[in-house]
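These notes are about the structure you will find just below.
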Amino acid sequence: MRKLFLTGMLAWGLTQVGWSQVTFPRNGVYDERPGLYAFTNATIIVDPKTTLEGATLLVRNGRIEAVGKTVSIPAGAVVADLKGKRIYPALVDIESDYGMPELKRNPPGGGRGAPQYDSNKKGAYNWNQAIQPEVDAGIIFKANVQQANELRKMGFGAVVTHPHDGIARGNSVLVTLADDRENNVVIRDRVSAHYSFSKGTSTQTYPNSPMGAVALLRQTYYDADWYKKAGKTVESNLSLEAFNQLQSLPSVFEVPDKLGVLRADKIGEEFGIQYIIKSAGDEYQRINEVKATGASLIVPLNFPQPFDVEDAWDADNVTLAEMKHWEMAPANPGMLAKAGVPFALTTANLRNKTDFWANLRKAIEYGLTEQQALTALTTTPAQLLKIDNEVGSLKPGLLANFLITSDNLFSADNVILENWVRGKQYVYQDKSAPDWRGTYNLTIGDRSNLKLNITGKPGKPEYQVLVDTVKVTPKVSLTNDLISLQIQLNKKQGGTTRLTGYREGTTLKGEGEMPDGKVVKWSATLAQPFTASAAKPDSAKKTAPEYGKLLYPFVGMGNLEKPKAQTLLIRNATVWTNEKDGILASADVLVQNGKIAKVGKGLAAPAGAQVIDGTGKHLTNGIIDEHSHIALYSINEGGQSSSAEVRMSDVVNSEDINIYRQLAGGVTTSQLLHGSANSIGGQSAIVKLKWGEAPQEMMVKGADGFIKFALGENVKQANWGDAVRIRFPQTRMGVEQVYFDHFTRAREYDNAWKAYNSMSAKERAKAVPPRRDVELDALAEILNKKRFITCHSYVQSEINMLMKVADSLGFKVNTFTHILEGYKVADKMAKHGVGGSTFADWWAYKMEVKDAIPYNAALMARAGVVVSINSDDAEMARRLNQEAAKAVEYGGISEEEAWKMVTLNPAKLLHLDNQLGSIRAGKDADLVLWNNNPLAVYARPEKTIIDGTVYFDAQDDDRKRDELQKERARLIQKMLTAKAGGASTQRPTFRRQRMWHCEDVEGVMAEGEEQEQTK
Amino acid sequence: MKKITLAISLLASLNGFAQNPAPAGPQTRAVALTGATLHIGNGQVITNGTIVFDKGVITAVGNGDTPINGAERIDATGKHIYPGLISPAATVGLQEFASVRATLDFRETGSLNPNVRSLIAYNTDSEVIPTIRNNGLLMTQAVPDGGVMAGSSSVMQTDGWNWEDAVLKADDGLWLQWPGYFARSFDFETFGVSLKKNEQRQDAINALKATFSDARAYADLKNPAPKNLKLEAMRGLFDGTRCLYIRANYGKDIIEAVRFAKQMGVKKPVIVGAEDAARVVDFLKENQVPVILGPMHRLPTLEDEDVYLPYKLPGILQKAGILVSLSYDGEWWRTRNLPFQAGTAVGFSGLDKEEALKMLTSNTAKIMGIDNVVGTLEKGKHATLVVSKGDLLDMRTNVIEHAFIQGRHINLDDKHKRLYHMYREKYGQPDIGK
């Protein structure tokens, strides 16, 4: 190793001529210095794996020239003896916004202001304001004395910085934290490319959802590829040009939470990019999934403050998940390290940057090793962004960015004495200051019975004067060799004695003034030097902190372990088969390997089967909700009339408590639909409510693709106020044209691809491929009968219209949802072959539902339409059995047929009736055991089973609730202790989860929204 | 009778499609319903019972031996008879289409409107009204909303030519929105709503105290000059002729609101909403304050809360001895599902069916001070009742075959039935269902 350093040093020497030229003129006489420094006798941490004792660091002209134990010191070097001190590489933060312009966020809309459909950024740039790959951090960077000093004090020497604005954010620049002109501070521009899901300061309407952001970014990758191949001849686009240039750089993706890590990685997979992901600090909650992405992370240390839980009632507003995160967040870095996830640490997201060291030490206390911490702040960030030839260690040739510390960098007593940035010294404490500590005999004038004690840390001394036996704390200032001390010698009499003086050897002496003005001489002679005697109380708290267990999902009612499939035999139940056998009395159902194995009477229990007595109980299929908006981060990408490109699968939230609540209502499968804000919505996600699994595991594998369309008042923005009268369409006339227009373009697009794909390889080499368009892809899939429409609809005219549009284009509408006037065109629907998924009895919440009637389901069903009853509502979904029963009340549908309206029929509408919706051997074991006839208002689920796995159990629910209560109590006690210990707390705020409905657009409305209006 | 109803409905559909059926005329001869299961509304059930009523008033209730004295007999064998359900805290008659401002008449501008009367806006021609009768709701409390004091409510019957005709009890109480301990705040970063401690709360309470003190002092004046309409409207709070309905949900709000009312000399405070009531059952019991629960068809308030708590709440309060009524606070068309809320409470909290029924009948009547005339099937009370095919609390069997309001035999046609029959006939489908 030493040899390597020496060789490096020689190599460096060859290229250095000891004289550097610059372009800029000087005002005054040139003052160029050799910049040659030698630091000897130090403990040098060259990198996290290499520590040299009694070594020398040689620096020339801002670069490291040599490091090692046998470095010869050239003549002319300024030598500093660092015996007892340490040298560390300066820390590196690669997620900084240092020196970037302040982002002026536009006052958030909140109301339904006039939409902005075009970019406000004038020029030959991308059509969307949130895509700004052309932003060049090097150009907009401006050094900032105050920010630089703050970071240097913390031990940072260089950062990679970029503006955190937009979905494609451009590139970043590596800069040092020196106070110098930018020419000397900028080390390398175009270091990395940056992306996020947040449109930042963009005022453009699109995208206004995370799934829209995903779609926009995907489209941009395809656009850039097309631009490279052919697009340049069609248009000039500086953004796409820049985007293509970014592709050779490491790509960093900032995400808002743990599931965002998975979402970003999915985009990367599509385009063959492994993103480095800037995470949010909650990755431990889904650590296996995060690890499986293979991504390296940039991790913040933003640990939450404890909540103020003193009031027992108010404290109920804090969720268990919030409390647990408070407890476990400091363990996040350690858990990541243990799992082998490579990561860098960042100061980003800290409430106060000054929390950095306290939080880092806390992370170490919670399991991160010091070496891992140092790695995450030096070599890992440098390697991730390929700047390890500039920063991150103390190897020869690298920037002379290093720290001189009094102690182990991570020790609580450590003081960062100096931070050298590119060979420039920044002193934070005098490293050669003598140790003044000790016990002195103090004489002030004629008073000699005094003692002065100086204790504490060398950099932070503490003073105490003993007047006889009374302890008095004086005010002292001590710099260089001067001392100034003020003391109240006699508390009763009051008055301050003021002493000023200097150090002479081990004696302090000088002159002073008594409270009465009498001038006296004083002196303090060292009687006994300081000995670090008292055992540090640190040893007591060495035990690693304890914290609670993880939950899957990370919610109060989550599971300690993900539930597993079992072999189950349900005996002697009333079984609603939904098959031609109808409702079987006293029947048995055997479940094996996640499937229904047998249905019959007197079935034998295989070995290891759990036998459930179903006597007096009813066993049915799980409820399938054709129209749901639970377990989603967002509902509408309402920025344009068509958002066929967005996928709800990008925003599935596996941590939504409504999943559990609906299991408790017997729901097992839900179609998570885009909202109804635009004529062509987004692509559905069909999920099973597997409480505890990550989003990807919830998806129904192999399900057909569906897409949400919408008609009527929502898409023509009839109830959105007067400001919103710009987007086409504003009438039902216009809605038809939106469809014709989009399908016409989709047809042309599809033909273009078909033509291209049918070319010979030779022809193709010469031809220009069509531009891949993710929106038209989805529409072409509809035309090619590979994607199916679920259309939000109300009045008969528009229902009729869409069927005619589809007929004329040669495809079928799959499902009309809501379809409250379906009964008026039920004959036409039956003829077209479209299904109807409706509410049981909703009406009167807006004009287009004035003719909605609760007999709709019965009328449609009897006309030959496949009818399902859906929720569109997190509350209603947990009693869809009751909603189905209303078809018995209104219109006299038989109980068996009514039950199919929430099970088999929605399965048919989702093309899943081959695996779901009835109790038959071979189908998925998605079952509910009820205490009563499931259509009775008195019925409640006792067990809800998906793929043979029990996800809800009424008895287990009680047990879980007890555990939840105990865990809450434990954490509350812990928080109270933390508060008593002086931790600042946050007041409990009661985060009400957003309940999504069809019409909800992110960033619009929300407060005071009328539930009734949003169906 | 079904045939008659059908004939009337067909007539109606021919004559004027978008109109409600005519209100029923006064009872002209005594009627006896026989052979039915009578759910008295006070917990009592009479199987194979007989109920007789004349001139709008119940004259006899009993078992099969009850003499009917020449009354018109309607055989209700196998049917279930219930007191007409009372729907508190509703906006039926005050709003038609939620998104059409022109049809909304329940929220006045300003924050202090005790003098505003919902009675006046109650639209007997609302097409919502006949639809709720068809699930057994024969009385609805028309309730104003908005501001701090929204105005006074009235108890209306769901049949009548006009509001004077339909009113059962005018101005039964005033509505107060209690200044919440928590205030909603909207976070534009996350587009989520959070609740924070309401910093303006004490000011709001102080202002209310001042208003109520003034009103109480004013109430002592026989002929005040100048006359203050707002304070005038509040007189009844202090002599017990009017209830004070206070909307409060959080436990602390409930306690404060009740303490405030008592301190101010309000004789009949009622808590409405009461999502968090389970926590203050002892307090409510000690203070003998009745509760009108808000919609049970809601999600739990807190993420960590018992999944079924909204369903269990009526049972928890009833078992603690609190007078409970169920409502769909602030809703209109949806109130027709009120009986199913009671059914859900039975299913999820082990509540007895007849106890649950009380929460839709006698309990509600007691709270509103109309239990002398309605709420139970007892001699001397109004013949306001329904005949159902089966269990009224279960969707499958809640099929109203007859409804009487003060003995008047109600035409059960409604817009939904008309459209049903119109299209049923178009498609040649059978006449099934209610």
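Residues in the structure tokens are numbered from 1 in each chain, the chains being A, B, ... in the order shown, and ligands are numbered from 1 in the order shown.
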Checklist line | 7 Å contacts from chain B to chain A using only C-alpha atoms, as a VMD selection string | finding: chain B and resid 96 to 100 186 188 191 to 196 297 to 299 302 to 304 307 333 340 343 to 344 346 to 347 394 to 399 416 420 423 to 424 432 to 434
Note to self: Could you list, as a list in words, every residue within 7 Å of segment 382-390 of chain B, counting only C-alpha atoms and ignoring same-chain residues fewer than 3 positions away?
What the structure shows: Phe53, Gly56, Val57, Ile58, Lys79, His80, Ile81, Tyr82, Pro83, Gly84, Gly136, Val373, Val374, Thr397, Asn398, Val399, Ile400, Glu401, His402, Ala403, Phe404, Ile405, Gln406 and Gly407 of chain B
Output of the above residues as a PDB file, in the first residue's frame, restricted to N, CA and C atoms:
```
ATOM      1  N   PHE B  53    -107.337   1.902  14.055  1.00  0.00           N
ATOM      2  CA  PHE B  53    -107.216   3.362  14.171  1.00  0.00           C
ATOM      3  C   PHE B  53    -108.338   4.051  13.429  1.00  0.00           C
ATOM      4  N   GLY B  56    -107.439   9.159  12.363  1.00  0.00           N
ATOM      5  CA  GLY B  56    -106.001   9.454  12.455  1.00  0.00           C
ATOM      6  C   GLY B  56    -105.344   9.015  13.748  1.00  0.00           C
ATOM      7  N   VAL B  57    -106.134   8.425  14.658  1.00  0.00           N
ATOM      8  CA  VAL B  57    -105.580   8.082  15.970  1.00  0.00           C
ATOM      9  C   VAL B  57    -105.767   6.583  16.230  1.00  0.00           C
ATOM     10  N   ILE B  58    -104.750   5.987  16.859  1.00  0.00           N
ATOM     11  CA  ILE B  58    -104.834   4.567  17.183  1.00  0.00           C
ATOM     12  C   ILE B  58    -105.865   4.384  18.290  1.00  0.00           C
ATOM     13  N   LYS B  79     -97.321 -10.218   7.885  1.00  0.00           N
ATOM     14  CA  LYS B  79     -96.617  -8.942   7.687  1.00  0.00           C
ATOM     15  C   LYS B  79     -96.125  -8.411   9.031  1.00  0.00           C
ATOM     16  N   HIS B  80     -95.327  -7.379   8.925  1.00  0.00           N
ATOM     17  CA  HIS B  80     -94.800  -6.729  10.134  1.00  0.00           C
ATOM     18  C   HIS B  80     -95.225  -5.260  10.134  1.00  0.00           C
ATOM     19  N   ILE B  81     -95.724  -4.832  11.263  1.00  0.00           N
ATOM     20  CA  ILE B  81     -96.168  -3.438  11.368  1.00  0.00           C
ATOM     21  C   ILE B  81     -95.263  -2.688  12.348  1.00  0.00           C
ATOM     22  N   TYR B  82     -94.845  -1.512  11.901  1.00  0.00           N
ATOM     23  CA  TYR B  82     -93.914  -0.704  12.693  1.00  0.00           C
ATOM     24  C   TYR B  82     -94.449   0.711  12.827  1.00  0.00           C
ATOM     25  N   PRO B  83     -94.086   1.408  13.886  1.00  0.00           N
ATOM     26  CA  PRO B  83     -94.373   2.842  13.915  1.00  0.00           C
ATOM     27  C   PRO B  83     -93.636   3.484  12.750  1.00  0.00           C
ATOM     28  N   GLY B  84     -94.182   4.532  12.181  1.00  0.00           N
ATOM     29  CA  GLY B  84     -93.473   5.255  11.121  1.00  0.00           C
ATOM     30  C   GLY B  84     -92.112   5.679  11.642  1.00  0.00           C
ATOM     31  N   GLY B 136     -89.981   3.163   4.864  1.00  0.00           N
ATOM     32  CA  GLY B 136     -90.571   3.226   6.196  1.00  0.00           C
ATOM     33  C   GLY B 136     -90.427   4.553   6.914  1.00  0.00           C
ATOM     34  N   VAL B 373     -97.262  11.800  20.686  1.00  0.00           N
ATOM     35  CA  VAL B 373     -98.105  11.527  19.520  1.00  0.00           C
ATOM     36  C   VAL B 373     -97.559  10.456  18.580  1.00  0.00           C
ATOM     37  N   VAL B 374     -96.248  10.308  18.535  1.00  0.00           N
ATOM     38  CA  VAL B 374     -95.676   9.318  17.613  1.00  0.00           C
ATOM     39  C   VAL B 374     -94.556   8.543  18.301  1.00  0.00           C
ATOM     40  N   THR B 397     -86.151  -7.667   3.015  1.00  0.00           N
ATOM     41  CA  THR B 397     -87.558  -7.778   3.396  1.00  0.00           C
ATOM     42  C   THR B 397     -88.201  -6.438   3.708  1.00  0.00           C
ATOM     43  N   ASN B 398     -87.426  -5.371   3.581  1.00  0.00           N
ATOM     44  CA  ASN B 398     -87.992  -4.042   3.788  1.00  0.00           C
ATOM     45  C   ASN B 398     -88.776  -3.667   2.528  1.00  0.00           C
ATOM     46  N   VAL B 399     -89.995  -4.152   2.475  1.00  0.00           N
ATOM     47  CA  VAL B 399     -90.864  -3.850   1.334  1.00  0.00           C
ATOM     48  C   VAL B 399     -92.163  -3.300   1.923  1.00  0.00           C
ATOM     49  N   ILE B 400     -92.344  -2.012   1.792  1.00  0.00           N
ATOM     50  CA  ILE B 400     -93.481  -1.359   2.435  1.00  0.00           C
ATOM     51  C   ILE B 400     -94.727  -1.575   1.574  1.00  0.00           C
ATOM     52  N   GLU B 401     -95.711  -2.163   2.200  1.00  0.00           N
ATOM     53  CA  GLU B 401     -96.943  -2.431   1.445  1.00  0.00           C
ATOM     54  C   GLU B 401     -98.030  -1.409   1.747  1.00  0.00           C
ATOM     55  N   HIS B 402     -98.009  -0.892   2.952  1.00  0.00           N
ATOM     56  CA  HIS B 402     -98.947   0.190   3.300  1.00  0.00           C
ATOM     57  C   HIS B 402     -98.223   1.183   4.185  1.00  0.00           C
ATOM     58  N   ALA B 403     -98.587   2.426   4.022  1.00  0.00           N
ATOM     59  CA  ALA B 403     -98.115   3.421   4.973  1.00  0.00           C
ATOM     60  C   ALA B 403     -99.282   4.323   5.327  1.00  0.00           C
ATOM     61  N   PHE B 404     -99.398   4.618   6.611  1.00  0.00           N
ATOM     62  CA  PHE B 404    -100.442   5.536   7.086  1.00  0.00           C
ATOM     63  C   PHE B 404     -99.775   6.663   7.857  1.00  0.00           C
ATOM     64  N   ILE B 405    -100.158   7.876   7.544  1.00  0.00           N
ATOM     65  CA  ILE B 405     -99.682   9.009   8.331  1.00  0.00           C
ATOM     66  C   ILE B 405    -100.916   9.679   8.907  1.00  0.00           C
ATOM     67  N   GLN B 406    -101.014   9.699  10.216  1.00  0.00           N
ATOM     68  CA  GLN B 406    -102.209  10.184  10.909  1.00  0.00           C
ATOM     69  C   GLN B 406    -103.458   9.544  10.291  1.00  0.00           C
ATOM     70  N   GLY B 407    -103.339   8.249  10.034  1.00  0.00           N
ATOM     71  CA  GLY B 407    -104.481   7.497   9.511  1.00  0.00           C
ATOM     72  C   GLY B 407    -104.708   7.663   8.022  1.00  0.00           C
TER      73      GLY B 407
END
```
Item checked: atom CA of Leu466 of chain A to atom CA of Leu526 of chain A, distance in Å rounded to a single decimal ->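 Distance reported for this atom pair: 14.5 Å.
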Note to self: Set the distance at 12 Å and use only C-alpha atoms: which residues neighbour segment 724-740 of chain A once local chain neighbours fewer than 6 positions away are removed? I'd like the list as a PyMOL selection string.
What the structure shows: chain A and resi 111-118+205+638-644+677-681+709-718+746-747+779+782-783+793-809+848+1004
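Close contacts of Pro210 of chain A, defined as residues with an atom at most 8 Å away when counting only C-alpha atoms, with chain neighbours fewer than 4 positions off set aside, comprise Phe197, Ser198, Val214, Tyr633, Ser634, Asp650 and Val651 of chain A.
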Next item on the list: Identify, with DSSP run on backbone atoms, the residues in segment 163-245 of chain B assigned to alpha helix (DSSP H), and express the list as an MDAnalysis selection string.
Entry: chainID B and resid 163:166 201:219 229:239
Check: Which residues come within 8 Å of segment 322-333 of chain A, counting only C-alpha atoms, excluding same-chain residues fewer than 6 positions away, as a list of chain:residue names?
Finding: A:Gly281, A:Asp282, A:Glu283, A:Tyr284, A:Val299, A:Leu301, A:Phe303, A:Pro304, A:Gln305, A:Pro306, A:Phe307, A:Asn359, A:Lys362, A:Ala363, A:Tyr366, A:Gly367, A:Leu368, A:Tyr547, A:Gly548, A:Arg968, A:Leu971, A:Ile972
Those residues you just picked out, can you put them in a file as a PDB file, in the first residue's frame with C-alpha atoms?
```
ATOM      1  CA  GLY A 281     -35.634   7.162   5.304  1.00  0.00           C
ATOM      2  CA  ASP A 282     -38.375   4.544   5.644  1.00  0.00           C
ATOM      3  CA  GLU A 283     -36.818   1.809   3.501  1.00  0.00           C
ATOM      4  CA  TYR A 284     -36.502  -0.539   6.474  1.00  0.00           C
ATOM      5  CA  VAL A 299     -30.365   7.978   2.463  1.00  0.00           C
ATOM      6  CA  LEU A 301     -31.049  11.156   8.379  1.00  0.00           C
ATOM      7  CA  PHE A 303     -35.523  11.163  12.042  1.00  0.00           C
ATOM      8  CA  PRO A 304     -38.919  12.284  13.296  1.00  0.00           C
ATOM      9  CA  GLN A 305     -39.295  14.074  16.592  1.00  0.00           C
ATOM     10  CA  PRO A 306     -41.320  12.357  19.276  1.00  0.00           C
ATOM     11  CA  PHE A 307     -44.976  13.325  19.409  1.00  0.00           C
ATOM     12  CA  ASN A 359     -28.693  12.014  14.056  1.00  0.00           C
ATOM     13  CA  LYS A 362     -27.959   8.116  16.798  1.00  0.00           C
ATOM     14  CA  ALA A 363     -27.874   5.931  13.682  1.00  0.00           C
ATOM     15  CA  TYR A 366     -28.903   2.051  16.518  1.00  0.00           C
ATOM     16  CA  GLY A 367     -26.617  -0.347  14.700  1.00  0.00           C
ATOM     17  CA  LEU A 368     -24.696   1.393  11.943  1.00  0.00           C
ATOM     18  CA  TYR A 547     -37.183  -1.168  19.376  1.00  0.00           C
ATOM     19  CA  GLY A 548     -40.410  -2.912  18.399  1.00  0.00           C
ATOM     20  CA  ARG A 968     -49.062   1.936  21.525  1.00  0.00           C
ATOM     21  CA  LEU A 971     -44.297   3.718  22.641  1.00  0.00           C
ATOM     22  CA  ILE A 972     -46.272   6.390  24.427  1.00  0.00           C
TER      23      ILE A 972
END
```
Next item on the list: Can you work out the spacing between atom CA of Cys243 of chain B and atom CA of Gly151 of chain B in Å, to one decimal?
Entry: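 About the pair atom CA of Cys243 of chain B and atom CA of Gly151 of chain B: they are 11.8 Å apart.
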Check: Skipping near chain neighbours, those fewer than 2 positions away, what residues fall within 10 Å of Ile132 of chain B using only C-alpha atoms, listed as a list in words?
Finding: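 Neighbouring residues, sequence-local ones excluded: Leu85, Ser87, Val92, Glu127, Val128, Ile129, Pro130, Asn134, Asn135, Gly136, Leu137, Leu138, Met139, Thr140, Thr158, Trp332, Trp333, Arg334, Thr335, Arg336, Asn337, Leu338 and Asp414 of chain B.
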May I have the residues from that selection written out with N, CA and C atoms, as a PDB file, in the first residue's frame?
```
ATOM      1  N   LEU B  85     -91.072   5.446  10.850  1.00  0.00           N
ATOM      2  CA  LEU B  85     -89.721   5.782  11.306  1.00  0.00           C
ATOM      3  C   LEU B  85     -89.519   7.294  11.263  1.00  0.00           C
ATOM      4  N   SER B  87     -86.672  10.258  10.964  1.00  0.00           N
ATOM      5  CA  SER B  87     -85.304  10.477  10.505  1.00  0.00           C
ATOM      6  C   SER B  87     -84.821  11.839  10.984  1.00  0.00           C
ATOM      7  N   VAL B  92     -83.745  16.331   3.880  1.00  0.00           N
ATOM      8  CA  VAL B  92     -84.827  15.975   2.953  1.00  0.00           C
ATOM      9  C   VAL B  92     -85.785  17.167   2.851  1.00  0.00           C
ATOM     10  N   GLU B 127     -88.953  15.254  -4.990  1.00  0.00           N
ATOM     11  CA  GLU B 127     -89.127  13.870  -5.446  1.00  0.00           C
ATOM     12  C   GLU B 127     -88.391  12.879  -4.558  1.00  0.00           C
ATOM     13  N   VAL B 128     -87.577  13.394  -3.659  1.00  0.00           N
ATOM     14  CA  VAL B 128     -86.879  12.511  -2.724  1.00  0.00           C
ATOM     15  C   VAL B 128     -87.870  11.969  -1.683  1.00  0.00           C
ATOM     16  N   ILE B 129     -88.843  12.793  -1.314  1.00  0.00           N
ATOM     17  CA  ILE B 129     -89.711  12.439  -0.187  1.00  0.00           C
ATOM     18  C   ILE B 129     -90.440  11.103  -0.389  1.00  0.00           C
ATOM     19  N   PRO B 130     -91.108  10.896  -1.529  1.00  0.00           N
ATOM     20  CA  PRO B 130     -91.798   9.601  -1.665  1.00  0.00           C
ATOM     21  C   PRO B 130     -90.848   8.403  -1.623  1.00  0.00           C
ATOM     22  N   ASN B 134     -90.922   4.888   1.132  1.00  0.00           N
ATOM     23  CA  ASN B 134     -90.952   3.504   0.695  1.00  0.00           C
ATOM     24  C   ASN B 134     -89.995   2.603   1.451  1.00  0.00           C
ATOM     25  N   ASN B 135     -89.170   3.182   2.319  1.00  0.00           N
ATOM     26  CA  ASN B 135     -88.375   2.340   3.213  1.00  0.00           C
ATOM     27  C   ASN B 135     -88.840   2.499   4.659  1.00  0.00           C
ATOM     28  N   GLY B 136     -89.981   3.163   4.864  1.00  0.00           N
ATOM     29  CA  GLY B 136     -90.571   3.226   6.196  1.00  0.00           C
ATOM     30  C   GLY B 136     -90.427   4.553   6.914  1.00  0.00           C
ATOM     31  N   LEU B 137     -89.760   5.542   6.268  1.00  0.00           N
ATOM     32  CA  LEU B 137     -89.566   6.826   6.931  1.00  0.00           C
ATOM     33  C   LEU B 137     -90.792   7.704   6.718  1.00  0.00           C
ATOM     34  N   LEU B 138     -91.535   7.958   7.795  1.00  0.00           N
ATOM     35  CA  LEU B 138     -92.750   8.753   7.661  1.00  0.00           C
ATOM     36  C   LEU B 138     -92.593  10.138   8.264  1.00  0.00           C
ATOM     37  N   MET B 139     -91.489  10.356   8.991  1.00  0.00           N
ATOM     38  CA  MET B 139     -91.212  11.686   9.530  1.00  0.00           C
ATOM     39  C   MET B 139     -89.743  12.014   9.326  1.00  0.00           C
ATOM     40  N   THR B 140     -89.494  13.254   8.985  1.00  0.00           N
ATOM     41  CA  THR B 140     -88.114  13.670   8.790  1.00  0.00           C
ATOM     42  C   THR B 140     -87.914  15.035   9.413  1.00  0.00           C
ATOM     43  N   THR B 158     -93.849  13.028   5.872  1.00  0.00           N
ATOM     44  CA  THR B 158     -93.406  12.860   4.489  1.00  0.00           C
ATOM     45  C   THR B 158     -94.592  12.810   3.526  1.00  0.00           C
ATOM     46  N   TRP B 332     -79.826  13.528   2.581  1.00  0.00           N
ATOM     47  CA  TRP B 332     -81.206  13.574   2.126  1.00  0.00           C
ATOM     48  C   TRP B 332     -81.642  12.242   1.513  1.00  0.00           C
ATOM     49  N   TRP B 333     -81.302  11.975   0.242  1.00  0.00           N
ATOM     50  CA  TRP B 333     -81.833  10.743  -0.375  1.00  0.00           C
ATOM     51  C   TRP B 333     -81.393   9.502   0.395  1.00  0.00           C
ATOM     52  N   ARG B 334     -80.192   9.599   0.985  1.00  0.00           N
ATOM     53  CA  ARG B 334     -79.584   8.439   1.629  1.00  0.00           C
ATOM     54  C   ARG B 334     -80.301   8.015   2.900  1.00  0.00           C
ATOM     55  N   THR B 335     -81.124   8.948   3.442  1.00  0.00           N
ATOM     56  CA  THR B 335     -81.782   8.626   4.711  1.00  0.00           C
ATOM     57  C   THR B 335     -82.691   7.417   4.579  1.00  0.00           C
ATOM     58  N   ARG B 336     -83.030   7.057   3.334  1.00  0.00           N
ATOM     59  CA  ARG B 336     -83.893   5.887   3.201  1.00  0.00           C
ATOM     60  C   ARG B 336     -83.197   4.619   3.685  1.00  0.00           C
ATOM     61  N   ASN B 337     -81.890   4.669   3.844  1.00  0.00           N
ATOM     62  CA  ASN B 337     -81.162   3.505   4.349  1.00  0.00           C
ATOM     63  C   ASN B 337     -81.084   3.460   5.877  1.00  0.00           C
ATOM     64  N   LEU B 338     -81.772   4.397   6.519  1.00  0.00           N
ATOM     65  CA  LEU B 338     -81.726   4.461   7.987  1.00  0.00           C
ATOM     66  C   LEU B 338     -82.073   3.114   8.655  1.00  0.00           C
ATOM     67  N   ASP B 414     -93.644   6.354  -6.292  1.00  0.00           N
ATOM     68  CA  ASP B 414     -92.580   7.366  -6.296  1.00  0.00           C
ATOM     69  C   ASP B 414     -91.910   7.362  -7.664  1.00  0.00           C
TER      70      ASP B 414
END
```
Next item on the list: Extract the full set of strand (DSSP E or B) residues from segment 537-655 of chain A according to DSSP on the backbone, and format it as a VMD selection string.
Entry: chain A and resid 552 559 565 568 to 576 583 to 592 595 to 600 610 to 613 618 to 621 623 to 628 632 636 642 647 652
Checklist line | Residues within 6 Å of Gly294 of chain B, only C-alpha atoms, excluding chain neighbours under 6 positions, as a ChimeraX atom specification | finding: /B:273,327-329
May I have the selected residues written with N, CA and C atoms, as a PDB file, in the first residue's frame?
```pdb
ATOM      1  N   GLY B 273     -74.054  13.717  16.145  1.00  0.00           N
ATOM      2  CA  GLY B 273     -72.769  13.320  15.549  1.00  0.00           C
ATOM      3  C   GLY B 273     -72.136  12.283  16.449  1.00  0.00           C
ATOM      4  N   SER B 327     -79.148   8.597  12.810  1.00  0.00           N
ATOM      5  CA  SER B 327     -79.437   9.565  11.745  1.00  0.00           C
ATOM      6  C   SER B 327     -78.456   9.393  10.604  1.00  0.00           C
ATOM      7  N   TYR B 328     -78.708  10.112   9.545  1.00  0.00           N
ATOM      8  CA  TYR B 328     -77.753  10.269   8.444  1.00  0.00           C
ATOM      9  C   TYR B 328     -77.429  11.748   8.391  1.00  0.00           C
ATOM     10  N   ASP B 329     -76.910  12.263   9.457  1.00  0.00           N
ATOM     11  CA  ASP B 329     -76.747  13.699   9.652  1.00  0.00           C
ATOM     12  C   ASP B 329     -76.414  14.454   8.361  1.00  0.00           C
TER      13      ASP B 329
END
```
